[in-house]
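Visitor: Quick one: structure below, then a few questions.
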Amino acid sequence: MSLPHSAALPPVIAIDGPSGVGKGTVARALATRLGWHFLDSGALYRILGLAAQRAGVAIDDPAAVAGLAPGLVIRFAAEGPERIEVNGADWTAAVRAEATGALASAIAVHPPVREALLERQRVFRRSPGLVADGRDMGTVVFADAAVKVFLDATAEERARRRQKQLSEQGIAAKLPALFADIRARDIRDRSRSHSPLKPADDAVVIDTTELPPDAVLAQIEGLLKAKGCAT
Ligand code: DC
């Protein structure tokens, strides 16, 4: 498939949105369908938060947290979507834990932390193209993305989705606690001064509250076609 884009760099499809909206499912499926690379930018924030916690570095010391980033050798195993290795060890379960999401959101407010992860995200942009999932893919990291999508859904629906996802992994979680966590992360992610969560001016916003992942994917593919991309 070819996308119209002016730069010589490989094209990017940016998929942003709040916690629990289902960006990962949709973005991964799209990358697989297109045969493109995939970036889970949230995983990088999660890994850095965990690395700080494990090294005993204070989460509210942005320079120290950011300073850990260059020493992390991160590998997203191509075989199986969920295996994440850091410095040779399997961190998958810890990276995906609910508490790690809150940790990531807390360190992500600090400009030095965001700066430390910027180039690490951009190296994922490789031929034939990249589907990038996060909060600021379309606004900051890949501001020149060929297509920008912002997925949204009510906090109640996102909490329900998270509960279902966790229950599929055999983890029981109470809806009120998940809802509170999602609300807290929404407030922090949207109100931070550096790269806040918001749709890019040229993003297409899709409210997924009533839509299953297949229907969201179909809408995005329709968007690619409308933009002159043959899928
Ligand atoms: O997508 P996620 O739930 O794995 O992200 C965890 C946190 O990381 C999220 O609450 C905010 C932060 N994050 C960010 O600030 N910018 C990104 N591009 C991705 C994640």
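For the structure tokens, the naming scheme is as follows: chains receive sequential letters (A, B, ...) according to their order of presentation, residues are indexed from 1 within each chain, and ligands are indexed from 1 in presentation order.
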Please produce, as a Markdown table, a per-residue contact table for chain A versus ligand 1 (criterion: any atom at most 7 Å away, only C-alpha atoms and all ligand atoms considered), showing the nearest atom pair and its distance in Å to one decimal, sorted by chain then residue number.
Guide:
| residue | atom | partner | partner_atom_place_in_ligand_line | distance |
| --- | --- | --- | --- | --- |
| A:Ser19 | CA | ligand 1 | 3 (O) | 5.0 |
| A:Gly20 | CA | ligand 1 | 3 (O) | 6.8 |
| A:Ser41 | CA | ligand 1 | 19 (C) | 4.8 |
| A:Gly42 | CA | ligand 1 | 20 (C) | 3.5 |
| A:Ala43 | CA | ligand 1 | 4 (O) | 5.2 |
| A:Tyr45 | CA | ligand 1 | 8 (O) | 5.0 |
| A:Arg46 | CA | ligand 1 | 6 (C) | 6.0 |
| A:Gly101 | CA | ligand 1 | 6 (C) | 4.5 |
| A:Ala102 | CA | ligand 1 | 10 (O) | 6.2 |
| A:Ala104 | CA | ligand 1 | 8 (O) | 4.4 |
| A:Ser105 | CA | ligand 1 | 10 (O) | 3.9 |
| A:Ala108 | CA | ligand 1 | 15 (O) | 4.6 |
| A:Val109 | CA | ligand 1 | 15 (O) | 6.8 |
| A:Gly134 | CA | ligand 1 | 18 (N) | 3.8 |
| A:Arg135 | CA | ligand 1 | 18 (N) | 4.1 |
| A:Asp136 | CA | ligand 1 | 18 (N) | 4.9 |
| A:Met137 | CA | ligand 1 | 18 (N) | 6.0 |
| A:Arg185 | CA | ligand 1 | 10 (O) | 5.4 |
| A:Asp189 | CA | ligand 1 | 11 (C) | 5.7 |
Visitor: I need the residues from that last selection saved to file as a CSV table (one decimal), in the first residue's frame (with N, CA, C and O atoms), if you can.
Guide:
chain,number,residue,atom,x,y,z
A,19,SER,N,-6.6,6.5,28.1
A,19,SER,CA,-6.4,5.2,28.6
A,19,SER,C,-7.7,4.3,28.4
A,19,SER,O,-8.8,4.8,28.7
A,20,GLY,N,-7.4,3.1,28.0
A,20,GLY,CA,-8.5,2.1,28.0
A,20,GLY,C,-9.4,2.3,26.8
A,20,GLY,O,-10.5,1.6,26.7
A,41,SER,N,3.9,3.3,22.3
A,41,SER,CA,4.7,4.3,23.0
A,41,SER,C,4.4,4.3,24.5
A,41,SER,O,5.3,4.6,25.3
A,42,GLY,N,3.2,3.9,24.9
A,42,GLY,CA,2.9,3.8,26.3
A,42,GLY,C,3.8,2.8,27.0
A,42,GLY,O,4.2,3.0,28.2
A,43,ALA,N,4.2,1.7,26.3
A,43,ALA,CA,5.0,0.7,26.9
A,43,ALA,C,6.4,1.3,27.3
A,43,ALA,O,7.0,1.0,28.3
A,45,TYR,N,7.0,4.5,28.3
A,45,TYR,CA,6.8,5.2,29.5
A,45,TYR,C,6.6,4.2,30.7
A,45,TYR,O,7.1,4.5,31.8
A,46,ARG,N,5.9,3.1,30.5
A,46,ARG,CA,5.7,2.1,31.5
A,46,ARG,C,7.1,1.5,31.9
A,46,ARG,O,7.4,1.4,33.1
A,101,GLY,N,0.6,1.5,34.8
A,101,GLY,CA,0.0,2.6,34.0
A,101,GLY,C,0.0,3.9,34.7
A,101,GLY,O,0.3,5.0,34.2
A,102,ALA,N,-0.4,3.8,36.0
A,102,ALA,CA,-0.4,5.0,36.8
A,102,ALA,C,1.0,5.6,37.0
A,102,ALA,O,1.2,6.8,37.0
A,104,ALA,N,3.5,5.3,34.9
A,104,ALA,CA,3.9,5.8,33.6
A,104,ALA,C,3.3,7.2,33.5
A,104,ALA,O,3.9,8.2,33.0
A,105,SER,N,2.0,7.3,33.8
A,105,SER,CA,1.3,8.6,33.7
A,105,SER,C,2.0,9.7,34.6
A,105,SER,O,2.1,10.8,34.2
A,108,ALA,N,5.3,10.8,33.1
A,108,ALA,CA,5.1,11.3,31.7
A,108,ALA,C,4.8,12.8,31.8
A,108,ALA,O,4.8,13.5,30.7
A,109,VAL,N,4.5,13.4,32.9
A,109,VAL,CA,4.2,14.8,33.0
A,109,VAL,C,5.5,15.7,32.9
A,109,VAL,O,5.4,16.9,32.6
A,134,GLY,N,-0.5,6.1,21.0
A,134,GLY,CA,-0.1,6.8,22.2
A,134,GLY,C,-1.0,8.0,22.5
A,134,GLY,O,-2.2,7.9,22.4
A,135,ARG,N,-0.4,9.0,23.1
A,135,ARG,CA,-1.1,10.2,23.5
A,135,ARG,C,-0.7,11.4,22.6
A,135,ARG,O,-1.5,12.3,22.5
A,136,ASP,N,0.5,11.5,22.2
A,136,ASP,CA,1.0,12.6,21.4
A,136,ASP,C,1.7,12.3,20.1
A,136,ASP,O,2.6,12.9,19.7
A,137,MET,N,1.2,11.2,19.5
A,137,MET,CA,1.8,10.7,18.3
A,137,MET,C,1.6,11.7,17.2
A,137,MET,O,2.5,12.1,16.4
A,185,ARG,N,-6.0,9.3,35.5
A,185,ARG,CA,-5.1,9.3,34.4
A,185,ARG,C,-5.5,10.3,33.3
A,185,ARG,O,-4.7,11.0,32.8
A,189,ASP,N,-3.1,13.2,32.2
A,189,ASP,CA,-2.6,13.2,30.8
A,189,ASP,C,-3.1,14.4,30.0
A,189,ASP,O,-2.4,14.9,29.1
Visitor: Excluding segment 165-180 of chain A and its own-chain neighbours fewer than 4 positions away, which residues fall within 10 Å of it when counting only C-alpha atoms? Please give them as a PyMOL selection string.
Guide: chain A and resi 20+22+96-98+155-161+184-186
Visitor: Could you find all residues in segment 118-151 of chain A that DSSP calls alpha helix (DSSP H) from the backbone, and write them as a JSON list (two decimals) with C-alpha atoms, in the first residue's frame?
Guide:
[["chain", "number", "residue", "atom", "x", "y", "z"],
["A", 118, "LEU", "CA", 11.45, 11.21, 21.94],
["A", 119, "GLU", "CA", 14.17, 9.76, 19.68],
["A", 120, "ARG", "CA", 13.52, 6.28, 21.01],
["A", 121, "GLN", "CA", 10.03, 6.54, 19.59],
["A", 122, "ARG", "CA", 11.13, 8.04, 16.28]]
Visitor: With a distance cut-off of 12 Å and only C-alpha atoms, select the neighbouring residues of segment 69-80 of chain A, excluding the residue or stretch itself and same-chain residues fewer than 4 positions from it, and output the selection as a VMD selection string.
Guide: chain A and resid 28 32 37 to 41 43 to 52 55 62 to 65 84 to 92 95 112 to 121 124
Visitor: Sort by chain and increasing residue number a table of all residues of segment 14-121 of chain A within 8 Å of segment 194-204 of chain A, each with its closest pair of atoms and their distance in Å to one decimal, counting only C-alpha atoms, and write it as a Markdown table.
Guide:
| residue | atom | partner | partner_atom | distance |
| --- | --- | --- | --- | --- |
| A:Asp16 | CA | A:Pro199 | CA | 7.4 |
| A:Gly17 | CA | A:Leu197 | CA | 7.2 |
| A:Pro18 | CA | A:Leu197 | CA | 7.3 |
| A:Val109 | CA | A:His194 | CA | 6.8 |
| A:His110 | CA | A:His194 | CA | 7.4 |
| A:Pro111 | CA | A:His194 | CA | 6.2 |
Visitor: Enter the distance from atom CA of Ala143 of chain A to atom CA of Leu34 of chain A, in Å, rounded to one decimal.
Guide: 20.8 Å
Visitor: I need the residue nearest Arg125 of chain A from this list: A:Asp214, A:Asp61, A:Gly138, A:Trp36. Use only C-alpha atoms for the distance.
Guide: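 Closest residue, counting only C-alpha atoms: A:Trp36.
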Visitor: For atom CA of Thr208 of chain A and atom CA of Leu103 of chain A, determine how far apart the two atoms are, in Å to one decimal place.
Guide: 25.9 Å
Visitor: As a ChimeraX atom specification, please: the residues near Leu217 of chain A (cut-off 9 Å, only C-alpha atoms, same-chain neighbours under 5 positions excluded).
Guide: /A:26-27,29-30,212,222
Visitor: If you keep C-alpha atoms, can you produce a file of those selected residues as a short mmCIF file (atom, residue, chain, number, x, y, z; two decimals), in the first residue's frame?
Guide:
data_model
loop_
_atom_site.label_atom_id
_atom_site.label_comp_id
_atom_site.auth_asym_id
_atom_site.auth_seq_id
_atom_site.Cartn_x
_atom_site.Cartn_y
_atom_site.Cartn_z
CA VAL A 26 -6.99 -1.34 16.79
CA ALA A 27 -3.47 -0.05 16.07
CA ALA A 29 -4.58 -4.98 13.97
CA LEU A 30 -4.05 -2.16 11.49
CA PRO A 212 -16.57 -2.74 18.52
CA GLY A 222 -12.27 3.98 5.11
#
Visitor: Report, in Å with one decimal, the straight-line distance from atom CA of Leu130 of chain A to atom CA of Pro10 of chain A.
Guide: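 For atom CA of Leu130 of chain A relative to atom CA of Pro10 of chain A, the distance reads 7.4 Å.
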Visitor: For the structure I just gave you, how does DSSP split chain A - specifically, which residues are strand (DSSP E)? Reply as a count of residues only.
Guide: 32
